[in-house]
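Coordinates from data_38.cif are shown below (mmCIF, N, CA and C atoms).
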data_protein
loop_
_atom_site.label_atom_id
_atom_site.label_comp_id
_atom_site.auth_asym_id
_atom_site.auth_seq_id
_atom_site.Cartn_x
_atom_site.Cartn_y
_atom_site.Cartn_z
N MET A 1 22.70 28.16 61.93
CA MET A 1 21.40 27.64 62.24
C MET A 1 21.30 27.46 63.75
N THR A 2 20.18 27.89 64.29
CA THR A 2 20.01 27.82 65.73
C THR A 2 19.29 26.54 66.12
N GLY A 3 19.30 26.23 67.41
CA GLY A 3 18.67 25.02 67.91
C GLY A 3 17.19 25.19 68.17
N GLY A 4 16.64 26.38 68.02
CA GLY A 4 15.23 26.65 68.31
C GLY A 4 14.30 26.24 67.18
N VAL A 5 13.03 26.34 67.45
CA VAL A 5 12.01 26.00 66.45
C VAL A 5 11.77 27.22 65.59
N ASP A 6 11.74 26.99 64.31
CA ASP A 6 11.53 28.06 63.34
C ASP A 6 10.05 28.45 63.32
N ILE A 7 9.74 29.70 63.05
CA ILE A 7 8.36 30.20 63.01
C ILE A 7 7.57 29.53 61.89
N GLN A 8 8.25 29.16 60.83
CA GLN A 8 7.58 28.49 59.71
C GLN A 8 7.13 27.08 60.14
N GLU A 9 7.94 26.41 60.91
CA GLU A 9 7.56 25.08 61.40
C GLU A 9 6.35 25.17 62.33
N VAL A 10 6.32 26.17 63.20
CA VAL A 10 5.18 26.37 64.09
C VAL A 10 3.92 26.65 63.27
N GLY A 11 4.06 27.47 62.26
CA GLY A 11 2.93 27.78 61.38
C GLY A 11 2.40 26.54 60.68
N MET A 12 3.30 25.68 60.22
CA MET A 12 2.89 24.45 59.54
C MET A 12 2.17 23.50 60.50
N VAL A 13 2.66 23.43 61.74
CA VAL A 13 2.00 22.58 62.73
C VAL A 13 0.60 23.11 63.03
N VAL A 14 0.49 24.42 63.19
CA VAL A 14 -0.82 25.02 63.46
C VAL A 14 -1.76 24.79 62.28
N LEU A 15 -1.27 24.96 61.06
CA LEU A 15 -2.10 24.70 59.87
C LEU A 15 -2.51 23.24 59.80
N SER A 16 -1.59 22.35 60.09
CA SER A 16 -1.89 20.91 60.04
C SER A 16 -2.97 20.56 61.05
N VAL A 17 -2.85 21.06 62.25
CA VAL A 17 -3.86 20.78 63.28
C VAL A 17 -5.19 21.41 62.87
N GLY A 18 -5.15 22.63 62.36
CA GLY A 18 -6.38 23.30 61.92
C GLY A 18 -7.09 22.55 60.81
N PHE A 19 -6.33 22.10 59.82
CA PHE A 19 -6.94 21.35 58.73
C PHE A 19 -7.43 19.98 59.20
N GLY A 20 -6.73 19.40 60.16
CA GLY A 20 -7.19 18.13 60.73
C GLY A 20 -8.54 18.29 61.42
N VAL A 21 -8.67 19.35 62.22
CA VAL A 21 -9.94 19.62 62.89
C VAL A 21 -11.03 19.94 61.87
N LEU A 22 -10.69 20.70 60.86
CA LEU A 22 -11.66 21.04 59.82
C LEU A 22 -12.11 19.79 59.06
N GLY A 23 -11.19 18.89 58.77
CA GLY A 23 -11.54 17.63 58.10
C GLY A 23 -12.43 16.76 58.97
N TRP A 24 -12.13 16.67 60.27
CA TRP A 24 -12.97 15.90 61.18
C TRP A 24 -14.38 16.48 61.23
N PHE A 25 -14.47 17.81 61.32
CA PHE A 25 -15.77 18.48 61.37
C PHE A 25 -16.57 18.23 60.09
N ALA A 26 -15.90 18.30 58.95
CA ALA A 26 -16.58 18.06 57.67
C ALA A 26 -17.07 16.61 57.59
N ARG A 27 -16.28 15.67 58.09
CA ARG A 27 -16.70 14.27 58.08
C ARG A 27 -17.91 14.06 58.99
N GLU A 28 -17.94 14.70 60.14
CA GLU A 28 -19.08 14.61 61.04
C GLU A 28 -20.34 15.19 60.41
N LEU A 29 -20.19 16.33 59.73
CA LEU A 29 -21.34 16.92 59.03
C LEU A 29 -21.84 15.99 57.94
N TRP A 30 -20.93 15.40 57.19
CA TRP A 30 -21.30 14.49 56.10
C TRP A 30 -22.08 13.30 56.64
N SER A 31 -21.59 12.71 57.72
CA SER A 31 -22.29 11.54 58.28
C SER A 31 -23.65 11.94 58.85
N ALA A 32 -23.75 13.13 59.43
CA ALA A 32 -25.04 13.60 59.94
C ALA A 32 -26.03 13.81 58.81
N VAL A 33 -25.58 14.36 57.70
CA VAL A 33 -26.46 14.58 56.55
C VAL A 33 -26.92 13.24 55.98
N GLN A 34 -26.00 12.27 55.90
CA GLN A 34 -26.39 10.96 55.39
C GLN A 34 -27.41 10.29 56.30
N MET A 35 -27.23 10.43 57.61
CA MET A 35 -28.17 9.85 58.56
C MET A 35 -29.54 10.53 58.43
N LEU A 36 -29.56 11.85 58.26
CA LEU A 36 -30.82 12.56 58.08
C LEU A 36 -31.52 12.16 56.79
N LYS A 37 -30.77 11.91 55.74
CA LYS A 37 -31.37 11.45 54.49
C LYS A 37 -32.07 10.12 54.68
N GLY A 38 -31.44 9.22 55.41
CA GLY A 38 -32.05 7.93 55.69
C GLY A 38 -33.31 8.06 56.53
N GLU A 39 -33.25 8.90 57.55
CA GLU A 39 -34.42 9.10 58.40
C GLU A 39 -35.56 9.76 57.63
N LEU A 40 -35.23 10.67 56.72
CA LEU A 40 -36.26 11.32 55.91
C LEU A 40 -36.93 10.31 54.98
N ALA A 41 -36.15 9.41 54.42
CA ALA A 41 -36.73 8.38 53.55
C ALA A 41 -37.67 7.49 54.35
N LYS A 42 -37.29 7.11 55.57
CA LYS A 42 -38.15 6.29 56.41
C LYS A 42 -39.43 7.04 56.76
N LEU A 43 -39.31 8.35 57.03
CA LEU A 43 -40.48 9.15 57.37
C LEU A 43 -41.44 9.25 56.19
N GLU A 44 -40.90 9.40 54.98
CA GLU A 44 -41.76 9.47 53.81
C GLU A 44 -42.54 8.18 53.63
N VAL A 45 -41.90 7.05 53.85
CA VAL A 45 -42.59 5.76 53.73
C VAL A 45 -43.65 5.64 54.82
N LYS A 46 -43.31 6.04 56.03
CA LYS A 46 -44.26 5.95 57.15
C LYS A 46 -45.46 6.86 56.92
N MET A 47 -45.22 8.07 56.43
CA MET A 47 -46.33 8.99 56.20
C MET A 47 -47.26 8.47 55.12
N SER A 48 -46.71 7.85 54.08
CA SER A 48 -47.57 7.36 53.01
C SER A 48 -48.39 6.16 53.46
N SER A 49 -47.92 5.43 54.46
CA SER A 49 -48.68 4.26 54.91
C SER A 49 -49.57 4.57 56.10
N ASP A 50 -49.23 5.54 56.93
CA ASP A 50 -49.98 5.80 58.15
C ASP A 50 -51.03 6.90 58.01
N PHE A 51 -50.84 7.82 57.12
CA PHE A 51 -51.73 8.97 57.03
C PHE A 51 -52.54 8.95 55.75
N VAL A 52 -53.74 9.51 55.82
CA VAL A 52 -54.64 9.57 54.67
C VAL A 52 -54.51 10.94 54.02
N ARG A 53 -54.46 10.95 52.71
CA ARG A 53 -54.43 12.23 52.01
C ARG A 53 -55.75 12.96 52.21
N TYR A 54 -55.70 14.28 52.13
CA TYR A 54 -56.87 15.12 52.40
C TYR A 54 -58.02 14.82 51.44
N ASP A 55 -57.74 14.66 50.16
CA ASP A 55 -58.81 14.43 49.20
C ASP A 55 -59.47 13.06 49.42
N ARG A 56 -58.69 12.07 49.84
CA ARG A 56 -59.28 10.76 50.14
C ARG A 56 -60.12 10.84 51.41
N LEU A 57 -59.70 11.64 52.36
CA LEU A 57 -60.47 11.81 53.59
C LEU A 57 -61.80 12.50 53.28
N GLN A 58 -61.77 13.50 52.41
CA GLN A 58 -63.02 14.18 52.05
C GLN A 58 -63.99 13.21 51.38
N ASP A 59 -63.48 12.35 50.50
CA ASP A 59 -64.34 11.37 49.85
C ASP A 59 -64.94 10.41 50.86
N ALA A 60 -64.15 10.03 51.88
CA ALA A 60 -64.65 9.09 52.88
C ALA A 60 -65.68 9.74 53.80
N LEU A 61 -65.54 11.03 54.06
CA LEU A 61 -66.45 11.72 54.97
C LEU A 61 -67.68 12.32 54.27
N LYS A 62 -67.71 12.28 52.97
CA LYS A 62 -68.83 12.90 52.24
C LYS A 62 -70.19 12.31 52.62
N PRO A 63 -70.36 10.99 52.73
CA PRO A 63 -71.68 10.47 53.15
C PRO A 63 -72.07 10.93 54.56
N ILE A 64 -71.11 11.04 55.44
CA ILE A 64 -71.40 11.48 56.81
C ILE A 64 -71.86 12.93 56.82
N THR A 65 -71.15 13.79 56.09
CA THR A 65 -71.53 15.20 56.06
C THR A 65 -72.88 15.39 55.38
N THR A 66 -73.16 14.60 54.36
CA THR A 66 -74.46 14.68 53.68
C THR A 66 -75.58 14.31 54.66
N THR A 67 -75.37 13.24 55.41
CA THR A 67 -76.38 12.81 56.39
C THR A 67 -76.55 13.86 57.48
N LEU A 68 -75.48 14.43 57.96
CA LEU A 68 -75.58 15.47 58.99
C LEU A 68 -76.29 16.71 58.47
N ASP A 69 -76.02 17.07 57.22
CA ASP A 69 -76.73 18.21 56.63
C ASP A 69 -78.22 17.93 56.52
N ARG A 70 -78.59 16.71 56.17
CA ARG A 70 -80.00 16.33 56.06
C ARG A 70 -80.67 16.38 57.44
N ILE A 71 -79.98 15.89 58.46
CA ILE A 71 -80.52 15.93 59.82
C ILE A 71 -80.68 17.37 60.28
N GLU A 72 -79.70 18.20 60.00
CA GLU A 72 -79.78 19.61 60.38
C GLU A 72 -80.96 20.29 59.70
N GLY A 73 -81.16 19.99 58.43
CA GLY A 73 -82.29 20.56 57.71
C GLY A 73 -83.62 20.13 58.30
N ALA A 74 -83.69 18.87 58.69
CA ALA A 74 -84.94 18.37 59.29
C ALA A 74 -85.18 19.03 60.63
N LEU A 75 -84.15 19.23 61.42
CA LEU A 75 -84.31 19.86 62.72
C LEU A 75 -84.67 21.33 62.60
N MET A 76 -84.20 21.99 61.56
CA MET A 76 -84.51 23.40 61.37
C MET A 76 -85.98 23.61 61.02
N HIS A 77 -86.60 22.63 60.42
CA HIS A 77 -87.99 22.77 59.99
C HIS A 77 -88.97 22.05 60.93
N LYS A 78 -88.52 21.70 62.11
CA LYS A 78 -89.42 21.04 63.08
C LYS A 78 -90.52 22.02 63.50
N VAL A 79 -91.72 21.51 63.68
CA VAL A 79 -92.87 22.34 64.01
C VAL A 79 -92.81 22.79 65.48
N ASP A 80 -92.43 21.91 66.39
CA ASP A 80 -92.44 22.25 67.80
C ASP A 80 -91.18 23.00 68.24
N LYS A 81 -90.45 23.55 67.32
CA LYS A 81 -89.24 24.32 67.63
C LYS A 81 -89.64 25.66 68.24
N PRO A 82 -89.07 26.04 69.39
CA PRO A 82 -89.47 27.30 70.03
C PRO A 82 -89.02 28.53 69.24
#

As structure tokens, what does this structure read like?
Amino acid sequence: MTGGVDIQEVGMVVLSVGFGVLGWFARELWSAVQMLKGELAKLEVKMSSDFVRYDRLQDALKPITTTLDRIEGALMHKVDKP
């Protein structure tokens, strides 16, 4: 047996370091995904409280559009229109 380092030992050290880096990277990805899930949940709550759905907006604007259409109709039939 020689006093040098065996190639198998070097390979095991390289594998150990590689798997360590891979494990750290996987943990970082996992924590980033968990953080994004939390932020997405907060955004969903904020959107439901801050923004109006399109159908509710149409219902709210219906009297305004009806009045504007009536005014437009009256202006189109004005006698002194050039």

Report task. Could you give me the residues within chain A that DSSP places in alpha helix (DSSP H), as a count of residues only? Result -> 67

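The coordinates place atom N of Val17 (chain A) at 17.5 Å from atom N of Val5 (chain A).
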
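In this structure, atom N of Arg53 (chain A) sits 27.0 Å away from CA of Met35 (chain A).
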
Centre, edges in Å (one decimal): axis-aligned box, region 39-49 of chain A, 5 Å padding on all six sides, as JSON:
{"center_x": -41.4, "center_y": 7.8, "center_z": 55.7, "size_x": 26.3, "size_y": 17.1, "size_z": 15.4}

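In this structure, CA of Trp30 (chain A) sits 17.0 Å away from atom C of Gly18 (chain A).
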